[in-house]
Amino acid sequence: MDLEQISRKSLFGQLLRLPLRLIPPEMTMPIWLGKLAGKKWIVGAGRNGCWLGTYEYDNQRVLEKTLKLGNTVFDIGAHAGFFTLLTSVLVGDNGKVFAFEPLPQNLGYLRKHLSINSITNATVMAAALSDRSGMASFRETSGSYQGGISSQGTLQVKMVSLDELIASGEIPVPDCIKIDVEGHEKFVLLGAKSLLESAHPTIFLSIHGRPVYEQCCQLLESLGYKIQVLDKPHGGELPKNLDLIASYPG
């Protein structure tokens, strides 16, 4: 169970988090649970669920069932690298992981996590993904998870598209793509349309907002993908933000 799913407003949630506040953010902890148990994590790099091993636990399980040794994975919106570490373990020494992240603070933690865990099959790409290449304004927030490309952003970041990177030979064709980009999902998919049409990689997609969900589903289904929503409906309706897996039949 993900610690973040327990309400901070409940008495149980407050009591559960109380001792965690005593841990210095710069401290490196061993990850407790899951496939990453024993790996190292810097406490202040992300949510406590990361070093506890419970972060997005359901998504961890889906990745474990889907990825194979030797696969090539793109982690788009890698943050501080929890899923970069996980996928690097799941694909093994002969697999490859490419982690895309634009924020300097997150990039620092990401590179540090790869270093302190002696990860050699992952490559960091300091860029945001979209439907074209160039420079973009990035909106930062008080938390390191919620920022995204926005005309109101004050940080300038490098922006690239997967199709252009693959056409130039900078990166290989992936078997699987994980995307978590805080509302910019449609543009990442548009920038990978040729890749999706030709190679049909499996896609793990975190959706932020119902309009984005409908746009992404329409695009993926037009390319022949089948979509499975991983979140359970609440009261008969899907939540505003949800995770899905898109796979190509056959």
# chains A, B, ... in the order shown; residues from 1 in each chain; ligands from 1
>>> residues_around(residues="A:Gly38", least_positions_apart="3", cutoff="12 Å", atoms="only C-alpha atoms", output="list in words")
Thr28, Met29, Pro30, Ile31, Trp32, Leu33, Gly34, Lys35, Trp41, Trp51, Leu52, Gly53, Leu85, Leu86, Val89, Ile116 and Asn117 of chain A
>>> residues_around(residues="stretch 94-104 of chain A", least_positions_apart="3", cutoff="8 Å", atoms="only C-alpha atoms", output="MDAnalysis selection string")
chainID A and resid 69:79 81 84 87:88 91 107:108 121:129 157:158
>>> write_last_selection(atoms="N, CA, C and O atoms", output="compact mmCIF listing (two decimals), in the first residue's frame")
# COMPACT_ATOMS: atom_id res chain seq x y z
N LEU A 69 13.51 -9.35 -19.21
CA LEU A 69 14.95 -9.16 -19.27
C LEU A 69 15.35 -8.79 -20.70
O LEU A 69 14.88 -9.39 -21.67
N GLY A 70 16.21 -7.79 -20.83
CA GLY A 70 16.68 -7.37 -22.14
C GLY A 70 15.86 -6.28 -22.79
O GLY A 70 16.24 -5.76 -23.85
N ASN A 71 14.72 -5.91 -22.18
CA ASN A 71 13.88 -4.83 -22.74
C ASN A 71 14.58 -3.47 -22.69
O ASN A 71 15.47 -3.24 -21.88
N THR A 72 14.13 -2.59 -23.59
CA THR A 72 14.54 -1.19 -23.56
C THR A 72 13.34 -0.36 -23.12
O THR A 72 12.25 -0.49 -23.68
N VAL A 73 13.54 0.48 -22.10
CA VAL A 73 12.46 1.24 -21.49
C VAL A 73 12.77 2.73 -21.51
O VAL A 73 13.91 3.14 -21.24
N PHE A 74 11.77 3.54 -21.82
CA PHE A 74 11.86 5.00 -21.68
C PHE A 74 11.06 5.40 -20.45
O PHE A 74 9.87 5.09 -20.35
N ASP A 75 11.70 6.09 -19.51
CA ASP A 75 11.03 6.62 -18.32
C ASP A 75 10.90 8.13 -18.52
O ASP A 75 11.85 8.88 -18.27
N ILE A 76 9.74 8.57 -18.97
CA ILE A 76 9.52 9.98 -19.33
C ILE A 76 8.83 10.68 -18.17
O ILE A 76 7.71 10.35 -17.80
N GLY A 77 9.51 11.68 -17.63
CA GLY A 77 9.08 12.30 -16.39
C GLY A 77 9.63 11.47 -15.24
O GLY A 77 8.91 11.02 -14.36
N ALA A 78 10.94 11.27 -15.25
CA ALA A 78 11.58 10.30 -14.33
C ALA A 78 11.66 10.80 -12.90
O ALA A 78 11.92 10.01 -11.98
N HIS A 79 11.50 12.11 -12.68
CA HIS A 79 11.61 12.70 -11.35
C HIS A 79 12.97 12.35 -10.76
O HIS A 79 13.99 12.52 -11.43
N GLY A 81 13.95 9.33 -9.93
CA GLY A 81 14.44 8.05 -10.42
C GLY A 81 13.92 6.79 -9.78
O GLY A 81 14.50 5.72 -9.99
N THR A 84 12.98 4.65 -12.59
CA THR A 84 14.21 4.38 -13.35
C THR A 84 14.98 3.24 -12.69
O THR A 84 15.45 2.31 -13.37
N THR A 87 12.85 -0.12 -13.18
CA THR A 87 12.92 -0.70 -14.52
C THR A 87 14.34 -1.17 -14.86
O THR A 87 14.50 -2.18 -15.56
N SER A 88 15.35 -0.51 -14.32
CA SER A 88 16.73 -0.96 -14.58
C SER A 88 16.96 -2.34 -13.99
O SER A 88 17.68 -3.16 -14.55
N VAL A 91 14.77 -5.04 -16.20
CA VAL A 91 15.25 -5.39 -17.54
C VAL A 91 16.62 -6.05 -17.51
O VAL A 91 17.07 -6.61 -18.51
N LEU A 107 17.06 16.16 -11.54
CA LEU A 107 18.18 15.55 -12.27
C LEU A 107 19.34 15.24 -11.34
O LEU A 107 20.00 14.20 -11.48
N GLY A 108 19.59 16.14 -10.39
CA GLY A 108 20.67 15.90 -9.43
C GLY A 108 20.42 14.65 -8.62
O GLY A 108 21.32 13.80 -8.45
N ASN A 121 23.00 0.41 -16.55
CA ASN A 121 22.18 0.21 -17.76
C ASN A 121 21.16 1.32 -17.97
O ASN A 121 20.21 1.15 -18.73
N ALA A 122 21.33 2.45 -17.27
CA ALA A 122 20.39 3.58 -17.41
C ALA A 122 21.13 4.83 -17.86
O ALA A 122 22.24 5.12 -17.39
N THR A 123 20.50 5.57 -18.77
CA THR A 123 21.06 6.80 -19.31
C THR A 123 20.12 7.96 -19.00
O THR A 123 18.91 7.86 -19.22
N VAL A 124 20.66 9.06 -18.48
CA VAL A 124 19.86 10.23 -18.14
C VAL A 124 19.81 11.18 -19.34
O VAL A 124 20.85 11.52 -19.91
N MET A 125 18.60 11.62 -19.70
CA MET A 125 18.39 12.59 -20.77
C MET A 125 17.78 13.84 -20.14
O MET A 125 16.64 13.82 -19.67
N ALA A 126 18.55 14.93 -20.08
CA ALA A 126 18.11 16.16 -19.43
C ALA A 126 17.23 16.97 -20.38
O ALA A 126 17.67 17.93 -21.01
N ALA A 127 15.97 16.57 -20.47
CA ALA A 127 15.05 17.23 -21.40
C ALA A 127 13.62 16.90 -21.05
O ALA A 127 13.34 15.90 -20.39
N ALA A 128 12.72 17.77 -21.52
CA ALA A 128 11.28 17.50 -21.43
C ALA A 128 10.84 16.95 -22.78
O ALA A 128 11.38 17.33 -23.83
N LEU A 129 9.87 16.07 -22.79
CA LEU A 129 9.36 15.47 -24.02
C LEU A 129 8.10 16.20 -24.47
O LEU A 129 7.25 16.57 -23.67
N VAL A 157 13.66 25.13 -20.35
CA VAL A 157 14.21 23.79 -20.43
C VAL A 157 14.30 23.33 -21.89
O VAL A 157 13.59 23.85 -22.76
N LYS A 158 15.17 22.37 -22.13
CA LYS A 158 15.28 21.76 -23.45
C LYS A 158 14.08 20.86 -23.69
O LYS A 158 13.67 20.12 -22.80
>>> closest_residue(among="A:Gly183, A:Gly191, A:Gly153, A:Gly224", to="A:His208", atoms="only C-alpha atoms")
A:Gly183
>>> atom_distance(atom1="atom CA of A:Lys226", atom2="atom CA of A:His200")
11.0 Å
>>> select_by_dssp(residues="stretch 68-177 of chain A", states="strand (DSSP E)", output="count of residues only")
32
>>> atom_distance(atom1="atom CA of A:Ala80", atom2="atom CA of A:Arg111")
8.1 Å
>>> atom_distance(atom1="atom CA of A:Lys186", atom2="atom CA of A:Leu114")
28.8 Å
>>> select_by_dssp(residues="stretch 91-163 of chain A", states="helix (DSSP H, G or I)", output="number ranges by chain")
A: 91, 104-116, 162-163
>>> write_last_selection(atoms="N, CA and C atoms", output="short mmCIF file (atom, residue, chain, number, x, y, z; two decimals), in the first residue's frame")
data_model
loop_
_atom_site.label_atom_id
_atom_site.label_comp_id
_atom_site.auth_asym_id
_atom_site.auth_seq_id
_atom_site.Cartn_x
_atom_site.Cartn_y
_atom_site.Cartn_z
N VAL A 91 14.77 -5.04 -16.20
CA VAL A 91 15.25 -5.39 -17.54
C VAL A 91 16.62 -6.05 -17.51
N PRO A 104 16.34 20.67 -12.89
CA PRO A 104 17.71 20.51 -12.37
C PRO A 104 17.78 19.78 -11.02
N GLN A 105 16.89 20.12 -10.08
CA GLN A 105 16.93 19.48 -8.77
C GLN A 105 16.65 17.98 -8.88
N ASN A 106 15.64 17.63 -9.66
CA ASN A 106 15.33 16.21 -9.85
C ASN A 106 16.46 15.49 -10.56
N LEU A 107 17.06 16.16 -11.54
CA LEU A 107 18.18 15.55 -12.27
C LEU A 107 19.34 15.24 -11.34
N GLY A 108 19.59 16.14 -10.39
CA GLY A 108 20.67 15.90 -9.43
C GLY A 108 20.42 14.65 -8.62
N TYR A 109 19.21 14.51 -8.11
CA TYR A 109 18.86 13.31 -7.34
C TYR A 109 18.89 12.06 -8.22
N LEU A 110 18.36 12.18 -9.43
CA LEU A 110 18.31 11.05 -10.36
C LEU A 110 19.72 10.51 -10.62
N ARG A 111 20.63 11.40 -10.95
CA ARG A 111 22.00 10.97 -11.23
C ARG A 111 22.66 10.39 -9.98
N LYS A 112 22.37 10.99 -8.83
CA LYS A 112 22.95 10.49 -7.58
C LYS A 112 22.43 9.09 -7.27
N HIS A 113 21.14 8.86 -7.48
CA HIS A 113 20.58 7.54 -7.20
C HIS A 113 21.17 6.47 -8.11
N LEU A 114 21.40 6.81 -9.36
CA LEU A 114 22.03 5.84 -10.26
C LEU A 114 23.46 5.55 -9.83
N SER A 115 24.15 6.59 -9.35
CA SER A 115 25.54 6.44 -8.94
C SER A 115 25.67 5.61 -7.67
N ILE A 116 24.90 5.94 -6.63
CA ILE A 116 25.07 5.25 -5.34
C ILE A 116 24.56 3.81 -5.40
N LEU A 162 10.33 12.24 -29.26
CA LEU A 162 10.91 10.90 -29.40
C LEU A 162 11.19 10.56 -30.86
N ASP A 163 10.28 10.92 -31.75
CA ASP A 163 10.49 10.60 -33.16
C ASP A 163 11.78 11.22 -33.69
#
>>> closest_residue(among="A:Leu63, A:Leu242, A:Leu196, A:Ile207", to="A:Tyr225", atoms="only C-alpha atoms")
A:Leu196
>>> closest_residue(among="A:Arg61, A:Lys39, A:Arg132, A:Lys68", to="A:Ala192", atoms="only C-alpha atoms")
A:Arg132
